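K.L.:
Contents are mmCIF, C-alpha atoms; file name model.cif:
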```
data_coords
loop_
_atom_site.label_atom_id
_atom_site.label_comp_id
_atom_site.auth_asym_id
_atom_site.auth_seq_id
_atom_site.Cartn_x
_atom_site.Cartn_y
_atom_site.Cartn_z
CA MET S 715 -48.26 -7.59 -61.72
CA GLY S 716 -50.67 -9.40 -64.01
CA PHE S 717 -52.47 -12.69 -63.98
CA GLU S 718 -53.55 -13.08 -67.57
CA MET S 719 -51.56 -14.93 -70.20
CA THR S 720 -51.60 -12.09 -72.73
CA MET S 721 -51.76 -8.93 -70.74
CA SER S 722 -51.99 -5.39 -71.96
CA THR S 723 -50.69 -2.56 -69.79
CA ALA S 724 -54.14 -1.28 -68.98
CA THR S 725 -55.32 -4.62 -67.66
CA GLU S 726 -52.13 -5.02 -65.62
CA GLU S 727 -52.76 -1.74 -63.91
CA SER S 728 -56.35 -2.55 -63.21
CA ALA S 729 -55.38 -5.96 -61.84
CA ALA S 730 -52.84 -4.31 -59.58
CA ALA S 731 -55.41 -1.73 -58.56
CA ALA S 732 -57.96 -4.43 -57.90
CA ALA S 733 -55.48 -6.27 -55.74
CA VAL S 734 -54.85 -3.14 -53.73
CA ALA S 735 -58.54 -2.36 -53.37
CA GLY S 736 -59.14 -5.78 -51.90
CA GLU S 737 -60.81 -7.61 -54.74
CA ARG S 738 -59.87 -11.11 -55.72
CA VAL S 739 -57.50 -11.67 -58.57
CA GLY S 740 -58.45 -14.23 -61.17
CA VAL S 741 -56.14 -17.09 -62.10
CA GLU S 742 -56.79 -19.31 -65.10
CA ILE S 743 -56.36 -23.03 -64.73
CA TYR S 744 -56.88 -25.67 -67.38
CA PRO S 745 -57.98 -29.29 -67.28
CA LEU S 746 -55.39 -31.90 -66.46
CA SER S 747 -56.09 -33.53 -69.83
CA ARG S 748 -54.46 -30.59 -71.60
CA TYR S 749 -51.07 -31.56 -70.21
CA TYR S 750 -48.93 -34.38 -71.40
CA PHE S 751 -46.64 -36.11 -68.94
CA GLY S 752 -43.74 -38.12 -70.23
CA VAL S 753 -41.09 -39.84 -68.21
CA ARG S 754 -37.38 -39.70 -68.59
CA ASP S 755 -34.60 -41.56 -66.89
CA VAL S 756 -32.70 -39.86 -64.15
CA ALA S 757 -29.75 -38.04 -65.71
CA ALA S 758 -26.46 -39.84 -65.21
CA GLY S 759 -24.45 -37.03 -63.70
CA GLY S 760 -26.72 -34.13 -62.94
CA GLY S 761 -29.36 -33.17 -60.42
CA SER S 762 -29.63 -33.85 -56.73
CA GLY S 763 -30.03 -37.53 -55.97
CA GLY S 764 -29.37 -38.43 -59.58
CA GLY S 765 -27.47 -41.56 -60.47
CA GLY S 766 -24.88 -41.84 -57.74
CA VAL S 767 -24.86 -42.75 -54.08
CA ARG S 768 -27.55 -41.17 -51.92
CA GLU S 769 -26.33 -38.56 -49.48
CA THR S 770 -26.64 -39.51 -45.83
CA ALA S 771 -28.31 -37.18 -43.37
CA ALA S 772 -24.96 -36.45 -41.73
CA ASP S 773 -23.33 -35.53 -45.05
CA ARG S 774 -26.24 -33.28 -45.88
CA ALA S 775 -25.95 -31.49 -42.55
CA ILE S 776 -22.24 -30.90 -43.14
CA ARG S 777 -22.87 -29.64 -46.66
CA LEU S 778 -25.60 -27.23 -45.57
CA LYS S 779 -23.49 -25.90 -42.72
CA ALA S 780 -20.57 -25.27 -45.05
CA ASN S 781 -22.83 -23.48 -47.52
CA PHE S 782 -24.28 -21.32 -44.76
CA ALA S 783 -20.81 -20.34 -43.59
CA ALA S 784 -19.83 -19.42 -47.14
CA HIS S 785 -23.02 -17.83 -48.52
CA GLY S 786 -25.37 -17.04 -45.64
CA LEU S 787 -29.12 -17.62 -45.75
CA ARG S 788 -30.14 -20.55 -47.91
CA THR S 789 -33.12 -19.64 -50.06
CA THR S 790 -35.18 -22.28 -51.80
CA VAL S 791 -37.96 -21.47 -54.23
CA HIS S 792 -40.82 -23.76 -55.18
CA GLY S 793 -43.59 -23.56 -57.72
CA VAL S 794 -47.27 -24.20 -57.13
CA LEU S 795 -48.65 -25.59 -60.38
CA LEU S 796 -52.40 -25.98 -60.65
CA VAL S 797 -54.63 -27.92 -62.97
CA GLU S 798 -58.30 -28.70 -62.94
CA LEU S 799 -59.74 -32.12 -62.23
CA PHE S 800 -63.37 -32.79 -61.33
CA ASP S 801 -64.08 -29.07 -61.19
CA HIS S 802 -61.57 -28.48 -58.45
CA PRO S 803 -58.05 -27.13 -58.54
CA HIS S 804 -55.38 -29.79 -58.08
CA LEU S 805 -51.75 -29.32 -57.24
CA LEU S 806 -48.96 -30.99 -59.19
CA LEU S 807 -46.36 -32.55 -56.94
CA LEU S 808 -43.24 -34.57 -57.57
CA GLN S 809 -43.20 -37.88 -55.76
CA VAL S 810 -39.78 -38.96 -54.64
CA ARG S 811 -38.91 -42.60 -54.09
CA ASN S 812 -42.56 -43.51 -53.49
CA SER S 813 -42.67 -41.86 -50.10
CA SER S 814 -42.38 -38.12 -49.92
CA PHE S 815 -43.95 -35.43 -52.04
CA LEU S 816 -42.21 -32.25 -53.06
CA LEU S 817 -43.14 -29.09 -54.82
CA PRO S 818 -40.96 -28.62 -57.88
CA GLY S 819 -38.12 -26.19 -57.14
CA GLY S 820 -34.85 -26.03 -55.30
CA ARG S 821 -32.05 -23.95 -53.94
CA LEU S 822 -31.02 -20.60 -55.37
CA ARG S 823 -27.42 -20.04 -56.34
CA PRO S 824 -25.64 -17.28 -54.42
CA GLY S 825 -26.80 -13.91 -55.77
CA GLU S 826 -29.47 -15.43 -58.03
CA GLN S 827 -32.89 -13.75 -58.28
CA ASP S 828 -35.96 -15.66 -57.05
CA VAL S 829 -37.77 -15.71 -60.36
CA GLN S 830 -34.73 -16.58 -62.42
CA GLY S 831 -33.78 -19.38 -60.08
CA LEU S 832 -37.28 -20.81 -60.04
CA LYS S 833 -37.41 -20.85 -63.83
CA ARG S 834 -34.09 -22.64 -63.89
CA LYS S 835 -35.28 -25.26 -61.43
CA LEU S 836 -38.60 -25.81 -63.18
CA SER S 837 -36.90 -26.26 -66.53
CA SER S 838 -34.40 -28.66 -65.04
CA LYS S 839 -36.98 -30.76 -63.22
CA LEU S 840 -39.87 -30.67 -65.66
CA SER S 841 -38.54 -30.36 -69.18
CA LEU S 842 -37.57 -32.35 -72.18
CA VAL S 843 -34.32 -34.27 -72.14
CA GLY S 844 -31.54 -32.31 -73.77
CA HIS S 845 -33.37 -29.02 -73.40
CA GLN S 846 -32.61 -28.23 -69.79
CA ASP S 847 -30.11 -25.56 -70.60
CA ASP S 848 -32.06 -23.74 -73.28
CA GLU S 849 -32.63 -20.10 -72.59
CA ASP S 850 -35.95 -20.35 -74.45
CA GLU S 851 -37.08 -23.13 -72.18
CA ASP S 852 -36.51 -20.95 -69.13
CA ASP S 853 -38.60 -18.15 -70.54
CA LYS S 854 -41.59 -20.37 -71.16
CA TRP S 855 -42.43 -20.38 -67.46
CA GLN S 856 -44.78 -17.69 -66.22
CA ILE S 857 -43.95 -17.07 -62.59
CA GLY S 858 -46.78 -15.45 -60.65
CA GLU S 859 -46.69 -13.89 -57.24
CA CYS S 860 -45.08 -15.19 -54.11
CA ILE S 861 -47.85 -16.78 -52.07
CA GLY S 862 -45.95 -17.72 -48.93
CA MET S 863 -42.61 -17.75 -47.15
CA TRP S 864 -41.44 -20.19 -44.50
CA TRP S 865 -38.41 -19.86 -42.29
CA ARG S 866 -36.20 -22.39 -40.55
CA SER S 867 -34.04 -21.53 -37.58
CA GLU S 868 -31.96 -24.69 -38.08
CA PHE S 869 -31.61 -26.88 -41.16
CA ASP S 870 -33.39 -29.79 -39.57
CA ALA S 871 -35.97 -27.67 -37.73
CA VAL S 872 -39.64 -27.47 -38.61
CA PRO S 873 -40.35 -24.46 -40.84
CA PHE S 874 -42.66 -21.67 -39.65
CA PRO S 875 -44.47 -19.03 -41.69
CA TYR S 876 -42.74 -16.19 -39.86
CA ILE S 877 -39.26 -15.40 -38.59
CA LEU S 878 -39.13 -16.88 -35.12
CA PRO S 879 -38.61 -14.29 -32.43
CA ASN S 880 -35.28 -14.49 -30.63
CA THR S 881 -33.56 -16.13 -33.58
CA ARG S 882 -30.21 -14.61 -34.41
CA ALA S 883 -30.17 -15.53 -38.06
CA ALA S 884 -32.59 -17.71 -39.98
CA LYS S 885 -30.79 -20.54 -41.73
CA GLU S 886 -33.23 -21.16 -44.56
CA CYS S 887 -36.04 -19.32 -46.28
CA ILE S 888 -38.52 -21.27 -48.40
CA LYS S 889 -40.57 -19.26 -50.88
CA LEU S 890 -43.62 -20.49 -52.72
CA PHE S 891 -44.66 -18.97 -56.03
CA LEU S 892 -47.82 -19.47 -58.02
CA ILE S 893 -47.02 -20.68 -61.54
CA LYS S 894 -49.26 -19.79 -64.42
CA LEU S 895 -49.45 -22.84 -66.62
CA PRO S 896 -49.98 -22.32 -70.33
CA VAL S 897 -53.04 -23.63 -72.13
CA SER S 898 -51.25 -26.86 -72.93
CA ARG S 899 -47.81 -28.16 -72.10
CA GLN S 900 -45.62 -31.18 -72.34
CA PHE S 901 -43.96 -32.11 -69.11
CA VAL S 902 -41.24 -34.69 -68.99
CA VAL S 903 -40.17 -35.61 -65.51
CA PRO S 904 -37.45 -37.78 -64.08
CA ARG S 905 -39.65 -39.17 -61.31
CA ASN S 906 -43.35 -39.91 -61.01
CA MET S 907 -45.53 -36.83 -60.91
CA LYS S 908 -48.73 -37.26 -58.95
CA LEU S 909 -51.67 -35.08 -58.11
CA LEU S 910 -52.56 -33.44 -54.84
CA ALA S 911 -51.59 -35.23 -51.72
CA VAL S 912 -51.48 -33.34 -48.47
CA TYR S 913 -48.20 -34.00 -46.72
CA GLY S 914 -46.42 -31.76 -44.30
CA PRO S 915 -47.40 -28.32 -43.05
CA ILE S 916 -46.17 -26.44 -46.11
CA ILE S 917 -48.05 -28.42 -48.74
CA ALA S 918 -51.06 -28.79 -46.43
CA GLY S 919 -51.15 -25.03 -46.04
CA ILE S 920 -51.36 -24.36 -49.75
CA PRO S 921 -55.19 -24.34 -49.96
CA ASN S 922 -55.13 -21.52 -47.43
CA LEU S 923 -52.52 -19.58 -49.34
CA LEU S 924 -54.54 -19.90 -52.53
CA SER S 925 -57.89 -18.95 -51.03
CA LYS S 926 -57.60 -15.32 -52.08
CA PHE S 927 -57.46 -16.23 -55.77
CA SER S 928 -60.56 -16.93 -57.76
CA PHE S 929 -59.96 -19.66 -60.29
CA ASN S 930 -61.30 -19.50 -63.81
CA ILE S 931 -61.53 -23.07 -64.97
CA ILE S 932 -61.26 -23.16 -68.73
CA SER S 933 -62.77 -26.35 -70.04
CA ASP S 934 -62.48 -27.80 -73.50
CA MET B 299 -42.20 -8.17 -65.85
CA VAL B 300 -43.07 -10.01 -62.67
CA ASN B 301 -42.25 -8.24 -59.46
CA SER B 302 -40.72 -10.80 -57.18
CA SER B 303 -40.28 -8.61 -54.13
CA SER B 304 -42.91 -9.04 -51.44
CA PRO B 305 -45.43 -6.34 -50.57
CA VAL B 306 -44.38 -4.37 -47.51
CA VAL B 307 -46.49 -3.74 -44.43
CA ASN B 308 -45.41 -1.19 -41.84
CA VAL B 309 -45.96 -2.49 -38.33
CA TYR B 310 -45.77 -0.08 -35.41
CA PRO B 311 -45.28 -0.85 -31.73
CA LEU B 312 -48.35 -1.69 -29.66
CA ALA B 313 -47.39 1.18 -27.36
CA ASN B 314 -48.15 3.69 -30.15
CA TYR B 315 -51.84 2.91 -29.88
CA THR B 316 -54.24 4.11 -27.21
CA PHE B 317 -57.24 2.03 -26.26
CA GLY B 318 -60.26 3.66 -24.67
CA THR B 319 -63.72 2.28 -24.07
CA LYS B 320 -67.20 3.00 -25.32
CA GLU B 321 -70.72 1.71 -24.83
CA PRO B 322 -71.11 -2.07 -24.99
CA LYS B 323 -72.00 -3.72 -28.27
CA MET B 324 -73.79 -6.96 -27.48
CA GLU B 325 -73.70 -10.00 -29.71
CA LYS B 326 -76.94 -10.51 -31.59
CA ASP B 327 -76.98 -14.25 -30.92
CA THR B 328 -76.62 -15.95 -27.56
CA SER B 329 -75.62 -19.36 -28.88
CA VAL B 330 -74.20 -21.03 -31.95
CA ALA B 331 -77.61 -22.56 -32.71
CA ASP B 332 -79.23 -19.12 -32.59
CA ARG B 333 -76.55 -17.73 -34.87
CA LEU B 334 -77.09 -20.43 -37.47
CA ALA B 335 -80.86 -20.02 -37.26
CA ARG B 336 -80.58 -16.28 -37.85
CA MET B 337 -78.20 -16.97 -40.74
CA LYS B 338 -80.83 -19.22 -42.30
CA VAL B 339 -83.51 -16.54 -42.04
CA ASN B 340 -81.22 -13.97 -43.61
CA TYR B 341 -80.27 -16.37 -46.38
CA MET B 342 -83.92 -16.79 -47.34
CA LYS B 343 -84.29 -13.02 -47.56
CA GLU B 344 -80.98 -11.92 -49.00
CA GLY B 345 -79.07 -14.90 -50.38
CA MET B 346 -75.45 -15.72 -49.58
CA ARG B 347 -73.99 -13.75 -46.70
CA THR B 348 -70.74 -11.96 -47.39
CA SER B 349 -68.71 -11.03 -44.35
CA VAL B 350 -65.51 -9.06 -44.20
CA GLU B 351 -62.90 -9.07 -41.45
CA ALA B 352 -59.78 -7.05 -40.79
CA ILE B 353 -56.29 -8.13 -39.90
CA LEU B 354 -54.72 -5.30 -37.91
CA LEU B 355 -51.05 -5.70 -37.09
CA VAL B 356 -48.90 -4.26 -34.32
CA GLN B 357 -45.49 -5.33 -33.10
CA GLU B 358 -44.01 -6.27 -29.78
CA HIS B 359 -40.38 -7.36 -29.49
CA ASN B 360 -40.16 -7.19 -33.29
CA HIS B 361 -42.74 -9.95 -33.75
CA PRO B 362 -46.05 -9.25 -35.49
CA HIS B 363 -49.20 -9.39 -33.36
CA ILE B 364 -52.80 -9.40 -34.55
CA LEU B 365 -55.58 -7.48 -32.80
CA LEU B 366 -58.44 -9.77 -31.78
CA LEU B 367 -61.67 -8.99 -29.97
CA GLN B 368 -62.37 -11.35 -27.12
CA ILE B 369 -65.95 -12.08 -26.12
CA GLY B 370 -66.42 -13.62 -22.71
CA ASN B 371 -63.39 -15.54 -21.57
CA THR B 372 -62.48 -17.63 -24.53
CA PHE B 373 -63.98 -16.81 -27.88
CA CYS B 374 -61.83 -14.56 -30.09
CA LYS B 375 -62.78 -13.01 -33.37
CA LEU B 376 -61.40 -10.58 -35.90
CA PRO B 377 -63.02 -7.16 -36.12
CA GLY B 378 -65.54 -7.17 -38.94
CA GLY B 379 -68.96 -8.52 -39.77
CA ARG B 380 -71.72 -8.98 -42.29
CA LEU B 381 -72.16 -6.75 -45.33
CA LYS B 382 -75.54 -5.24 -46.06
CA PRO B 383 -77.08 -6.44 -49.32
CA GLY B 384 -75.33 -4.74 -52.22
CA GLU B 385 -72.75 -3.02 -50.00
CA ASN B 386 -69.21 -2.58 -51.30
CA GLU B 387 -66.69 -4.76 -49.42
CA ILE B 388 -64.23 -2.02 -48.58
CA GLU B 389 -66.91 0.41 -47.45
CA GLY B 390 -68.55 -2.32 -45.41
CA LEU B 391 -65.28 -3.21 -43.70
CA LYS B 392 -64.66 0.43 -42.82
CA ARG B 393 -68.16 0.65 -41.41
CA LYS B 394 -67.58 -2.43 -39.24
CA LEU B 395 -64.21 -1.19 -38.05
CA CYS B 396 -65.72 2.12 -37.01
CA SER B 397 -68.53 0.36 -35.23
CA LYS B 398 -66.22 -2.00 -33.32
CA LEU B 399 -63.10 0.04 -32.76
CA ALA B 400 -63.48 3.73 -33.41
CA VAL B 401 -64.47 6.61 -31.23
CA ASN B 402 -68.01 7.72 -32.01
CA SER B 403 -66.96 11.28 -32.52
CA PRO B 404 -67.75 13.26 -35.64
CA SER B 405 -64.57 15.28 -35.32
CA PHE B 406 -62.23 12.27 -35.46
CA PRO B 407 -63.35 10.18 -38.39
CA PRO B 408 -60.77 7.42 -38.55
CA ASN B 409 -59.03 6.83 -41.82
CA TRP B 410 -58.89 3.08 -42.36
CA GLN B 411 -56.40 1.99 -45.02
CA VAL B 412 -57.82 -1.26 -46.31
CA GLY B 413 -55.19 -3.33 -48.11
CA GLU B 414 -55.26 -6.63 -49.97
CA CYS B 415 -57.61 -9.49 -49.48
CA VAL B 416 -55.42 -12.21 -48.00
CA ALA B 417 -57.90 -15.08 -47.58
CA VAL B 418 -61.40 -16.16 -48.54
CA TRP B 419 -63.40 -18.80 -46.63
CA TRP B 420 -66.61 -20.50 -47.73
CA ARG B 421 -69.42 -21.99 -45.67
CA PRO B 422 -71.17 -24.71 -47.69
CA ASN B 423 -74.06 -25.36 -45.26
CA PHE B 424 -75.70 -23.87 -42.19
CA GLU B 425 -73.01 -25.35 -40.01
CA THR B 426 -69.92 -24.04 -38.35
CA VAL B 427 -67.53 -25.67 -40.88
CA MET B 428 -65.74 -23.38 -43.33
CA TYR B 429 -63.20 -24.14 -46.08
CA PRO B 430 -60.63 -21.97 -47.88
CA TYR B 431 -62.22 -22.98 -51.19
CA CYS B 432 -65.74 -23.69 -52.33
CA PRO B 433 -66.09 -27.48 -52.51
CA PRO B 434 -66.89 -28.53 -56.09
CA HIS B 435 -70.28 -30.07 -55.39
CA ILE B 436 -71.58 -26.95 -53.62
CA THR B 437 -73.47 -24.62 -55.93
CA LYS B 438 -75.08 -22.49 -53.23
CA PRO B 439 -72.64 -21.60 -50.50
CA LYS B 440 -74.27 -19.96 -47.51
CA GLU B 441 -71.49 -17.58 -46.57
CA CYS B 442 -68.33 -16.14 -48.03
CA LYS B 443 -65.92 -14.55 -45.57
CA LYS B 444 -63.07 -12.35 -46.76
CA LEU B 445 -60.09 -11.32 -44.71
CA PHE B 446 -58.33 -8.06 -45.52
CA ILE B 447 -55.12 -6.67 -44.22
CA VAL B 448 -55.71 -3.14 -42.89
CA HIS B 449 -52.72 -0.85 -42.67
CA LEU B 450 -52.65 1.08 -39.41
CA SER B 451 -51.06 4.50 -39.24
CA GLU B 452 -48.31 5.27 -36.79
CA ARG B 453 -50.63 6.33 -34.02
CA GLU B 454 -54.29 5.58 -33.52
CA TYR B 455 -56.89 5.96 -30.85
CA PHE B 456 -59.25 3.01 -30.53
CA ALA B 457 -62.44 2.85 -28.46
CA VAL B 458 -63.44 -0.71 -27.65
CA PRO B 459 -66.99 -1.62 -26.53
CA ARG B 460 -66.99 -2.26 -22.80
CA ASN B 461 -68.14 -5.83 -23.06
CA LEU B 462 -65.27 -6.81 -25.33
CA LYS B 463 -61.54 -7.03 -24.76
CA LEU B 464 -59.02 -6.17 -27.43
CA LEU B 465 -56.01 -8.46 -27.42
CA ALA B 466 -52.75 -8.34 -29.36
CA VAL B 467 -51.86 -11.97 -30.09
CA PRO B 468 -48.45 -12.90 -31.55
CA LEU B 469 -48.31 -14.92 -34.76
CA PHE B 470 -46.48 -17.78 -33.08
CA GLU B 471 -49.38 -18.21 -30.67
CA LEU B 472 -51.86 -18.48 -33.52
CA TYR B 473 -49.87 -20.81 -35.74
CA ASP B 474 -51.14 -24.39 -35.57
CA ASN B 475 -53.49 -23.50 -32.72
CA VAL B 476 -56.76 -24.58 -34.29
CA GLN B 477 -58.33 -25.71 -31.01
CA ARG B 478 -58.08 -22.30 -29.44
CA TYR B 479 -58.63 -19.97 -32.40
CA GLY B 480 -60.35 -21.99 -35.11
CA PRO B 481 -59.18 -22.64 -38.68
CA VAL B 482 -59.64 -19.09 -39.97
CA ILE B 483 -57.57 -17.24 -37.36
CA SER B 484 -54.97 -19.96 -36.76
CA THR B 485 -53.98 -19.99 -40.42
CA ILE B 486 -53.42 -16.25 -40.65
CA PRO B 487 -49.63 -16.60 -40.09
CA GLN B 488 -49.36 -18.59 -43.34
CA GLN B 489 -51.54 -16.09 -45.21
CA LEU B 490 -49.26 -13.29 -44.07
CA SER B 491 -45.99 -15.11 -44.67
CA ARG B 492 -45.49 -13.58 -48.11
CA PHE B 493 -45.50 -10.03 -46.75
CA GLN B 494 -42.39 -8.27 -45.69
CA PHE B 495 -42.96 -6.66 -42.31
CA ASN B 496 -41.19 -3.43 -41.65
CA MET B 497 -40.98 -3.36 -37.85
CA VAL B 498 -40.92 0.29 -36.87
CA SER B 499 -39.56 0.87 -33.38
CA SER B 500 -40.65 3.70 -31.14
#
```
Just give me the structure of the file as structure tokens.
P.N.:
Amino acid sequence: MGFEMTMSTATEESAAAAAVAGERVGVEIYPLSRYYFGVRDVAAGGGSGGGGVRETAADRAIRLKANFAAHGLRTTVHGVLLVELFDHPHLLLLQVRNSSFLLPGGRLRPGEQDVQGLKRKLSSKLSLVGHQDDEDEDDKWQIGECIGMWWRSEFDAVPFPYILPNTRAAKECIKLFLIKLPVSRQFVVPRNMKLLAVYGPIIAGIPNLLSKFSFNIISD
Amino acid sequence: MVNSSSPVVNVYPLANYTFGTKEPKMEKDTSVADRLARMKVNYMKEGMRTSVEAILLVQEHNHPHILLLQIGNTFCKLPGGRLKPGENEIEGLKRKLCSKLAVNSPSFPPNWQVGECVAVWWRPNFETVMYPYCPPHITKPKECKKLFIVHLSEREYFAVPRNLKLLAVPLFELYDNVQRYGPVISTIPQQLSRFQFNMVSS
């Protein structure tokens, strides 16, 4: 497990050894100015909430229940993307319909691996129009370690950072992964992308989850 | 290749562990004000204080519990304490664990398996407030506190100072309970959420 962009085997081992021995692992983050954010229109047919009629809460509940019956535990994966602004790490969040903030990510397909699914979701939400399905695009994302997992006992229940005792089967598992951003990147997003806002227990808990990392801020 | 599976922690039943007592270990400070004053004196002599604390896990009813030391009737803290100047973090944590929890017997040196650092907290000023990051305008933090997960073996014998109580508190009791346990302990459930707990039954 390594945290450098270009990592030789020796450094990977020492980073893993350092993590085991209890030292902090370094993570590089770059100034916000290195990243370009373009906007694209919501795709006509694809993506959740794209184009057509918005799903009602009741429809969503029915859909999730049917999926659970067919495929079991619903796993969603989200990426924590960090940039530097005013000497302090900031979190990139997607703002939906001017009200709620989400971490980029989404649901895994049945049988899909965490990392693969997260790359797919990041490419689909944050990439250039017409390039969503490129294999190359997927590989550009450097997925770091899982920094937290939250569990829901019901689809509309509040998530908790542990499996609730006395629960027969958790309905949803939400996993957060740290994303290593490259030195510079072009992001094109279908909705507004805004910087850190603390909403909800999961996003609000992210500073805690990140406290074990030491950030190397690379300035221009 | 990124390993996406979570690190595993073996958690054994509380009943596997025996708790005896030993001579009392009194707190050095009688009040918060005293504690901060002593911190200031030490800062002048030695610079930023680094403290290390241990998260020790046991299970009851298949739910993880953390061992906390209770002073008096209300105040709970994690086993741990201040490092001596220049002391290695892992060695210092082992020293503190022996001092707080181990039998003082030369024939049973406990073997503490210190794992990953799961959280780091910073104290910007000589006040009780701590943050899980160093605020950008602070160039001279007064304290850095690191929390480590410590892997317990299947059976252990602990000796707790007579003036302290050792409690096993479930994660669901800590979560969101800032008033009772403070920001450092009440956020431990989130810090641990990425681990996979292997609940070993007796």
K.L.:
Would you kindly translate the PyMOL selection byres ((chain B and resi 359-361) around 8) into the concrete residues it picks from this file, as an NGL selection string?
P.N.:
(:S and (878-879)) or (:B and (357-358 or 362-363 or 468-469 or 497))
K.L.:
Could you write out as a list of chain:residue names the residues that the PyMOL selection byres ((chain S and resi 897) around 9) matches in the shown file?
P.N.:
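Against this file, the PyMOL selection byres ((chain S and resi 897) around 9) returns the residues S:Ile743, S:Tyr744, S:Pro745, S:Arg748, S:Tyr749, S:Leu895, S:Pro896, S:Ser898, S:Arg899, S:Ile932.
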K.L.:
Evaluate the PyMOL selection byres ((chain B) within 7 of (chain S)) and record the selected residues as a ChimeraX atom specification, following the chain and residue labels used in the document.
P.N.:
/B:300-302,361,413-418,430-431,434,446,487-489,491-492
K.L.:
For each of B:Arg380, B:Lys394, B:Lys463, B:Arg453, take the minimum atom-to-atom distance to B:Ser349, counting only C-alpha atoms, then give the residue where this is smallest.
P.N.:
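Once distances to B:Ser349 are computed over only C-alpha atoms, the minimum belongs to B:Arg380.
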K.L.:
Using all atoms listed in the file, can you list as a list in words the residues within 6 Å of (-35.3, -25.4, -52.6)?
P.N.:
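Here is the list of nearby residues: Thr790, Val791, Gly819, Gly820 and Arg821 of chain S.
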K.L.:
Determine, counting only C-alpha atoms, every residue of protein, DNA or RNA that lies within 9 Å of (-68.6, -17.0, -46.0) in the file coordinates, then give the result as a list in words.
P.N.:
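Every residue inside that radius is included here: Met346, Arg347, Thr348, Ser349, Val350, Val418, Trp419, Trp420, Arg421, Pro422, Met428, Tyr429, Pro439, Lys440, Glu441, Cys442, Lys443 and Lys444 of chain B.
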K.L.:
Quote the spacing between atom CA of B:Leu464 and atom CA of B:Leu367 in Å to one decimal place.
P.N.:
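A separation of 4.6 Å between them.
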K.L.:
So how many Å separate atom CA of B:Val339 and atom CA of B:Cys432, to one decimal?
P.N.:
21.7 Å
K.L.:
What is the distance between atom CA of S:Ser837 and atom CA of S:Phe901, in Å to one decimal?
P.N.:
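Computing the Euclidean distance for atom CA of S:Ser837 and atom CA of S:Phe901 yields 9.5 Å.
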K.L.:
Taking 5 positions as the minimum chain separation for residues in the same chain, which residues sit within 10 Å of S:Asp870 when counting all atoms listed in the file? Answer as number ranges by chain.
P.N.:
S: 771, 775, 885-886
K.L.:
For B:Phe456, which residue out of B:Trp410, B:Tyr473, B:Phe373, B:Tyr341 is the nearest one, using all atoms listed in the file?
P.N.:
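The shortest atom-to-atom distance to B:Phe456 comes from B:Trp410.
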K.L.:
Could you give me, as a list in words, the residues within 8 Å of S:Pro818, counting all atoms listed in the file and dropping anything in the same chain fewer than 3 positions from it?
P.N.:
His792, Gly793, Val794, Leu807, Leu808, Lys835, Leu836 and Lys839 of chain S
K.L.:
Go through B:Ala331, B:Leu381, B:Leu462, B:Leu450 and flag the residue nearest B:Pro311, using all atoms listed in the file for the distances.
P.N.:
B:Leu450
K.L.:
Rank S:Thr770, S:Ile893, S:Arg788, S:Arg866 by their smallest atom-to-atom distance to S:Lys833, using only C-alpha atoms, and report the top residue only.
P.N.:
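Of the candidates, the smallest distance to S:Lys833 is held by S:Ile893.
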K.L.:
Find the residue from S:Leu892, S:Phe869, S:Ser838, S:Gly831 that sits nearest to S:Arg777; use only C-alpha atoms when measuring.
P.N.:
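The answer is S:Phe869, which sits nearest to S:Arg777.
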